[in-house]
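The data block below is data15.txt; it holds compact mmCIF, C-alpha atoms.
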# COMPACT_ATOMS: atom_id res chain seq x y z
CA SER A 129 12.92 -16.52 -4.86
CA GLU A 130 15.02 -19.62 -5.23
CA MET A 131 13.39 -21.53 -2.38
CA SER A 132 11.72 -24.76 -3.44
CA LYS A 133 7.96 -25.19 -3.26
CA ASP A 134 8.08 -27.45 -0.21
CA MET A 135 9.92 -24.79 1.78
CA MET A 136 7.02 -22.37 1.30
CA PRO A 137 3.78 -22.35 3.34
CA GLY A 138 1.12 -24.66 2.01
CA PRO A 139 -2.34 -25.96 2.83
CA TYR A 140 -3.51 -27.11 6.24
CA PRO A 141 -1.69 -30.31 7.35
CA ARG A 142 -4.04 -33.26 7.69
CA THR A 143 -1.87 -36.27 8.51
CA PRO A 144 0.74 -36.45 11.31
CA GLU A 145 3.48 -36.80 8.68
CA GLU A 146 2.40 -33.54 7.11
CA ARG A 147 2.42 -31.92 10.55
CA ALA A 148 5.94 -33.17 11.23
CA ALA A 149 7.13 -31.97 7.83
CA ALA A 150 5.52 -28.56 8.41
CA ALA A 151 7.12 -28.27 11.87
CA LYS A 152 10.51 -29.05 10.35
CA LYS A 153 9.91 -26.53 7.59
CA TYR A 154 9.16 -23.76 10.06
CA ASN A 155 12.13 -24.67 12.35
CA MET A 156 9.89 -25.66 15.24
CA ARG A 157 9.52 -28.71 17.44
CA VAL A 158 6.71 -31.04 16.45
CA GLU A 159 5.12 -30.63 19.88
CA ASP A 160 5.31 -26.82 19.64
CA TYR A 161 3.84 -26.67 16.14
CA GLN A 162 0.16 -25.76 16.24
CA PRO A 163 -1.45 -24.53 13.00
CA TYR A 164 -4.41 -22.17 12.96
CA PRO A 165 -7.76 -23.99 13.01
CA ASP A 166 -8.89 -24.96 9.55
CA ASP A 167 -12.01 -22.88 8.92
CA GLY A 168 -11.16 -21.60 5.50
CA LEU A 169 -9.91 -18.15 6.49
CA GLY A 170 -6.68 -18.48 4.51
CA TYR A 171 -4.05 -19.28 7.17
CA GLY A 172 -3.00 -22.61 5.65
CA ASP A 173 -0.36 -24.40 7.68
CA TYR A 174 1.18 -21.30 9.23
CA PRO A 175 1.92 -21.91 12.93
CA MET A 176 -0.14 -20.22 15.60
CA LEU A 177 2.35 -18.57 17.94
CA PRO A 178 1.39 -16.96 21.28
CA ASN A 179 0.05 -13.44 20.85
CA LYS A 180 2.87 -11.63 22.58
CA SER A 181 4.49 -8.45 21.34
CA GLN A 182 8.21 -8.09 20.70
CA TYR A 183 8.43 -5.86 23.77
CA GLU A 184 8.10 -8.91 26.00
CA ARG A 185 11.24 -10.53 24.66
CA ASP A 186 14.46 -10.32 26.62
CA PRO A 187 16.13 -6.97 25.92
CA TRP A 188 19.53 -8.22 27.08
CA TYR A 189 19.84 -11.30 24.86
CA GLN A 190 21.93 -10.86 21.72
CA TRP A 191 19.31 -11.07 19.02
CA ASP A 192 20.36 -11.28 15.39
CA GLN A 193 18.09 -8.31 14.72
CA PRO A 194 18.14 -6.29 17.95
CA ASP A 195 15.52 -3.73 17.00
CA MET A 196 13.00 -6.39 16.02
CA ARG A 197 14.15 -8.73 18.85
CA HIS A 198 14.04 -11.52 16.30
CA ASN A 199 16.50 -14.26 15.37
CA TRP A 200 17.34 -15.39 11.84
CA GLY A 201 15.12 -18.27 10.78
CA GLU A 202 12.80 -18.04 13.79
CA PRO A 203 9.11 -18.40 12.81
CA MET A 204 7.45 -14.99 12.78
CA HIS A 205 4.03 -14.35 14.21
CA TRP A 206 1.23 -13.86 11.67
CA ASP A 207 0.78 -10.33 13.04
CA PHE A 208 4.50 -9.67 13.37
CA ASP A 209 4.23 -6.20 11.87
CA MET A 210 1.63 -5.31 14.49
CA TYR A 211 3.70 -6.58 17.41
CA ILE A 212 6.90 -4.65 16.65
CA ARG A 213 8.14 -2.31 19.32
CA ASN A 214 6.76 0.80 17.68
CA ARG A 215 3.22 -0.55 17.71
CA VAL A 216 1.07 -2.80 19.87
CA ASP A 217 2.61 -3.75 23.22
CA THR A 218 1.20 -6.62 25.25
CA SER A 219 3.67 -6.47 28.15
CA PRO A 220 2.16 -7.20 31.55
CA THR A 221 0.95 -4.08 33.33
CA VAL A 222 1.50 -3.22 36.97
CA VAL A 223 -2.24 -3.05 37.62
CA PRO A 224 -4.46 -5.78 36.12
CA TRP A 225 -6.40 -4.80 33.02
CA HIS A 226 -9.85 -5.33 34.51
CA THR A 227 -9.04 -3.04 37.46
CA MET A 228 -7.73 -0.34 35.14
CA SER A 229 -10.72 -0.49 32.82
CA LYS A 230 -13.16 -0.52 35.74
CA HIS A 231 -11.59 2.58 37.32
CA PHE A 232 -11.43 4.42 34.03
CA LEU A 233 -14.98 3.61 32.95
CA LEU A 234 -16.39 4.45 36.38
CA PHE A 235 -14.65 7.82 36.41
CA LEU A 236 -15.65 8.64 32.83
CA SER A 237 -19.28 7.62 33.28
CA ILE A 238 -19.68 9.50 36.58
CA MET A 239 -18.19 12.67 35.11
CA LEU A 240 -20.31 12.45 31.96
CA ILE A 241 -23.50 11.81 33.94
CA MET A 242 -22.80 14.76 36.24
CA PHE A 243 -22.08 17.05 33.29
CA GLY A 244 -25.24 15.90 31.58
CA LEU A 245 -27.32 16.49 34.68
CA GLY A 246 -25.78 19.92 34.99
CA GLN A 247 -26.85 20.76 31.47
CA ILE A 248 -30.42 19.56 32.01
CA TYR A 249 -30.91 21.12 35.46
CA PRO A 250 -28.65 24.18 35.63
CA SER A 251 -28.33 25.88 38.99
CA TYR A 252 -26.86 29.32 39.67
CA ARG A 253 -27.44 32.27 42.00
CA PRO A 254 -30.55 34.33 41.15
CA VAL A 255 -29.78 37.37 38.98
CA GLY A 256 -31.83 40.39 37.95
CA PRO A 257 -31.52 42.56 34.85
CA LYS A 258 -28.45 44.80 34.71
CA GLN A 259 -29.00 48.43 35.72
CA TYR A 260 -27.24 51.17 33.73
CA PRO A 261 -26.65 54.75 34.99
CA PHE A 262 -27.46 58.08 33.26
CA ASN A 263 -31.02 57.13 32.37
CA ASP A 264 -30.05 53.81 30.86
CA LEU A 265 -27.10 55.42 29.01
CA TYR A 266 -29.40 57.70 27.01
CA LEU A 267 -26.67 59.87 25.47
CA GLU A 268 -24.26 56.96 24.84
CA ARG A 269 -26.95 55.06 22.99
CA GLY A 270 -27.40 57.91 20.54
CA GLY A 271 -30.17 59.89 22.22
CA ASP A 272 -30.80 63.50 21.18
CA PRO A 273 -28.86 65.84 23.60
CA ASN A 274 -31.38 68.68 23.17
CA LYS A 275 -34.33 66.59 24.25
CA LYS A 276 -35.03 65.69 27.84
CA PRO A 277 -34.33 61.98 28.36
CA PRO A 278 -37.02 59.76 29.88
CA ALA A 279 -36.30 59.46 33.59
CA VAL A 280 -35.20 55.97 34.62
CA ILE A 281 -35.01 55.38 38.36
CA HIS A 282 -33.69 52.07 39.63
CA TYR A 283 -34.21 52.59 43.36
CA GLU A 284 -37.04 52.95 45.75
CA ILE A 285 -36.96 54.98 48.91
CA MET B 206 -17.33 -25.69 56.85
CA ALA B 207 -14.13 -25.43 54.75
CA TRP B 208 -13.69 -22.40 52.57
CA ALA B 209 -12.21 -22.83 49.08
CA PRO B 210 -8.55 -21.85 48.79
CA PRO B 211 -8.10 -18.23 47.67
CA PRO B 212 -7.71 -17.77 43.91
CA SER B 213 -4.15 -17.79 42.69
CA ALA B 214 -2.44 -14.55 41.78
CA ALA B 215 -2.58 -15.52 38.11
CA LYS B 216 -6.37 -15.90 38.30
CA LEU B 217 -6.67 -12.55 40.04
CA TYR B 218 -4.59 -10.93 37.32
CA ARG B 219 -6.83 -12.23 34.50
CA PRO B 220 -4.62 -11.85 31.43
CA ASN B 221 -6.54 -11.12 28.23
CA ARG B 222 -5.95 -10.19 24.61
CA TYR B 223 -4.22 -6.92 25.50
CA VAL B 224 -1.91 -7.90 28.36
CA SER B 225 -0.16 -11.16 29.02
CA LEU B 226 0.58 -12.80 32.33
CA PRO B 227 3.86 -11.72 33.94
CA ALA B 228 6.44 -14.50 34.13
CA GLU B 229 6.51 -14.33 37.94
CA LEU B 230 2.85 -15.31 38.21
CA ASP B 231 3.00 -18.03 35.58
CA PRO B 232 3.29 -21.50 37.16
CA ALA B 233 5.18 -22.72 34.09
CA THR B 234 8.27 -20.75 35.11
CA TYR B 235 8.59 -22.73 38.33
CA ASP B 236 8.15 -26.08 36.64
CA THR B 237 11.41 -28.06 36.56
CA SER B 238 10.15 -31.41 35.33
CA PRO B 239 12.39 -33.45 32.99
CA GLU B 240 9.94 -33.04 30.10
CA LYS B 241 10.26 -29.29 30.32
CA LEU B 242 14.05 -29.52 30.49
CA ARG B 243 14.14 -31.76 27.44
CA ALA B 244 11.81 -29.43 25.55
CA GLU B 245 14.01 -26.47 26.42
CA ALA B 246 17.10 -28.41 25.32
CA GLU B 247 15.50 -29.22 21.96
CA ARG B 248 14.49 -25.62 21.44
CA LEU B 249 18.01 -24.52 22.32
CA ALA B 250 19.43 -27.01 19.81
CA ILE B 251 17.22 -25.59 17.03
CA ARG B 252 18.09 -22.04 18.01
CA SER B 253 21.82 -22.65 18.08
CA ARG B 254 21.73 -24.44 14.71
CA LEU B 255 19.98 -21.44 13.17
CA LYS B 256 22.33 -19.02 14.85
CA ARG B 257 25.34 -20.96 13.56
CA GLN B 258 23.97 -20.82 10.00
CA TYR B 259 23.37 -17.10 10.34
CA LEU B 260 26.78 -16.29 11.80
CA LEU B 261 28.55 -18.36 9.17
CA GLN B 262 26.86 -16.31 6.47
CA LEU B 263 27.41 -13.05 8.31
CA ASN B 264 31.16 -13.46 8.80
CA ASP B 265 31.82 -15.07 5.44
CA PRO B 266 34.23 -12.90 3.39
CA ASN B 267 32.69 -14.16 0.12
CA ALA B 268 29.19 -13.64 1.46
CA PRO B 269 26.36 -12.18 -0.63
CA ALA B 270 25.39 -8.62 0.18
CA VAL B 271 21.96 -9.50 1.57
CA ILE B 272 21.46 -12.52 3.82
CA GLU B 273 17.91 -13.58 3.03
CA ASN B 274 15.85 -14.83 5.93
CA PRO B 275 13.70 -17.82 4.94
CA ALA B 276 11.35 -17.16 7.86
CA LEU B 277 10.67 -13.68 6.52
CA ILE B 278 10.11 -14.99 2.99
CA ARG B 279 7.73 -17.65 4.30
CA TRP B 280 5.87 -15.04 6.36
CA ALA B 281 5.43 -12.71 3.40
CA TYR B 282 4.39 -15.58 1.13
CA ALA B 283 1.89 -16.90 3.69
CA LYS B 284 0.26 -13.51 4.11
CA SER B 285 0.09 -12.60 0.44
CA GLN B 286 0.09 -15.61 -1.87
CA ASN B 287 -1.03 -18.43 0.37
CA VAL B 288 -4.35 -16.90 1.33
CA TYR B 289 -6.23 -17.49 -1.92
CA PRO B 290 -5.30 -21.19 -2.32
CA THR B 291 -6.15 -21.99 1.27
CA PHE B 292 -9.39 -20.00 1.36
CA ARG B 293 -12.59 -22.00 1.46
CA PRO B 294 -16.13 -20.56 1.40
CA THR B 295 -17.78 -21.57 4.66
CA PRO B 296 -20.88 -20.02 6.25
CA ARG B 297 -18.66 -17.87 8.45
CA THR B 298 -16.42 -16.59 5.68
CA SER B 299 -19.40 -15.89 3.41
CA PHE B 300 -21.09 -13.96 6.19
CA LEU B 301 -17.95 -11.97 6.97
CA GLY B 302 -17.40 -11.27 3.28
CA ALA B 303 -20.94 -9.95 2.91
CA VAL B 304 -20.65 -7.80 6.02
CA TYR B 305 -17.31 -6.25 5.15
CA GLY B 306 -17.91 -6.03 1.41
CA LEU B 307 -21.52 -4.99 1.05
CA GLY B 308 -22.11 -3.48 4.49
CA PRO B 309 -20.34 -0.12 4.07
CA LEU B 310 -21.66 0.26 0.52
CA LEU B 311 -25.29 -0.20 1.52
CA PHE B 312 -24.84 1.90 4.64
CA TRP B 313 -23.51 4.90 2.74
CA ILE B 314 -26.12 4.48 0.00
CA PHE B 315 -28.92 4.77 2.54
CA VAL B 316 -27.30 7.56 4.54
CA LEU B 317 -26.61 9.77 1.53
CA LYS B 318 -29.98 9.10 -0.04
CA ALA B 319 -31.81 9.97 3.18
CA ASP B 320 -29.74 13.11 3.58
CA ARG B 321 -30.45 14.28 0.04
CA ASP B 322 -34.16 13.46 0.34
CA ARG B 323 -34.36 15.58 3.45
CA LYS B 324 -32.56 18.44 1.73
CA GLU B 325 -34.87 18.17 -1.29
CA LYS B 326 -37.93 18.28 0.96
CA ARG B 327 -36.62 21.42 2.64
CA ILE B 328 -35.97 23.05 -0.72
CA GLN B 329 -39.50 22.26 -1.90
CA GLU B 330 -40.90 23.79 1.28
CA GLY B 331 -38.69 26.81 0.74
CA LYS B 332 -36.89 26.55 4.07
CA LEU B 333 -33.36 26.14 2.74
CA LYS B 334 -31.32 29.33 2.25
CA ARG B 335 -29.46 28.88 -1.01
CA ALA B 336 -26.64 31.20 -2.01
CA PRO B 337 -26.82 32.47 -5.62
CA LEU B 338 -24.90 30.18 -7.94
CA SER B 339 -21.43 31.51 -8.76
CA VAL B 340 -18.43 29.89 -10.41
CA PHE B 341 -16.02 32.24 -8.57
CA PHE B 342 -15.88 30.95 -4.98

Could you render the structure as structure tokens?
Amino acid sequence: SEMSKDMMPGPYPRTPEERAAAAKKYNMRVEDYQPYPDDGLGYGDYPMLPNKSQYERDPWYQWDQPDMRHNWGEPMHWDFDMYIRNRVDTSPTVVPWHTMSKHFLLFLSIMLIMFGLGQIYPSYRPVGPKQYPFNDLYLERGGDPNKKPPAVIHYEI
Amino acid sequence: MAWAPPPSAAKLYRPNRYVSLPAELDPATYDTSPEKLRAEAERLAIRSRLKRQYLLQLNDPNAPAVIENPALIRWAYAKSQNVYPTFRPTPRTSFLGAVYGLGPLLFWIFVLKADRDRKEKRIQEGKLKRAPLSVFF
């Protein structure tokens, strides 16, 4: 576009003058401006903003872009497209995260262990083989009607 | 013997990467020192200057059709074109590059080869039931 080269992001700022120039470029205060640590991952001088989603911003303020909750010219987070309101939400929860995860994992692990134990050691009421009438259903199973079926007695007197 | 004071509500909450601390538990909300007030005033000055620029362009009758947002352009440039010039091979980036680049390739090579070796062994032993070859289904 028609923006000059010094308005675009550049390499990591080394001197305090470069830091001040970068803060001015990104429309931030010099004290607020904190670039990503310089370990060669490709961030350059882009500011490191707090990892909060757009859901946490004031819904009642008149933003320039209300659906994004973002103002014109305000520096965008590196993961801005992740933190939009349709995606990741980092708003504070009613119950702390560690409590929630502990409850969930305890419940899940106990249920899985009990189901596993039930598969390894099944327990049910004792059953015997099923007893069919009419000499073990001789005619229904295709036995010859002219022959005498073998007598099957299921009881004892 | 004196017990330690109970941990603050913010410590009990333990914000992490997935949830942030609510504003009510954050001690910074209740801080009314002059430094904080001056910082807030400076931020407000920057914000109102940007808003004035934006509203002037928005309500301008001779305005262009699209008001370009320099923050958006910088963001897109930083994520796409500024990565290669600012990249530097360090031990960590080389390791990550090897893991993400070669890892899946080698993994699938070994998995598929082992699977096909096992199938071949079963065919040689005659255990695998093979349907007669047909080009129609």

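As for atom CA of Leu242 of chain B and atom CA of Glu159 of chain A, they are spaced 13.9 Å apart.
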
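If you look at atom CA of Ala215 of chain B and atom CA of Pro239 of chain B, they are 23.9 Å away from each other.
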
**Prompt:** With distances taken over all atoms listed in the file, which of A:Gly270, A:Gly168, A:Pro203, A:Pro224 is nearest to Pro296 of chain B?
**Reply:** A:Gly168

**Asked** Counting all atoms listed in the file, which residues from chain A have an atom at most 10 Å from any atom of chain B, and could you show them as an MDAnalysis selection string?
**Response** chainID A and resid 129 131 135:140 153:157 159:160 166:174 178:181 184 191:192 199:208 216:227

**Prompt:** For the atom pair atom CA of Pro261 of chain A and atom CA of Tyr283 of chain A, what is the interatomic distance in Å to one decimal place?
**Reply:**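 Spanning atom CA of Pro261 of chain A to atom CA of Tyr283 of chain A is a straight-line distance of 11.5 Å.
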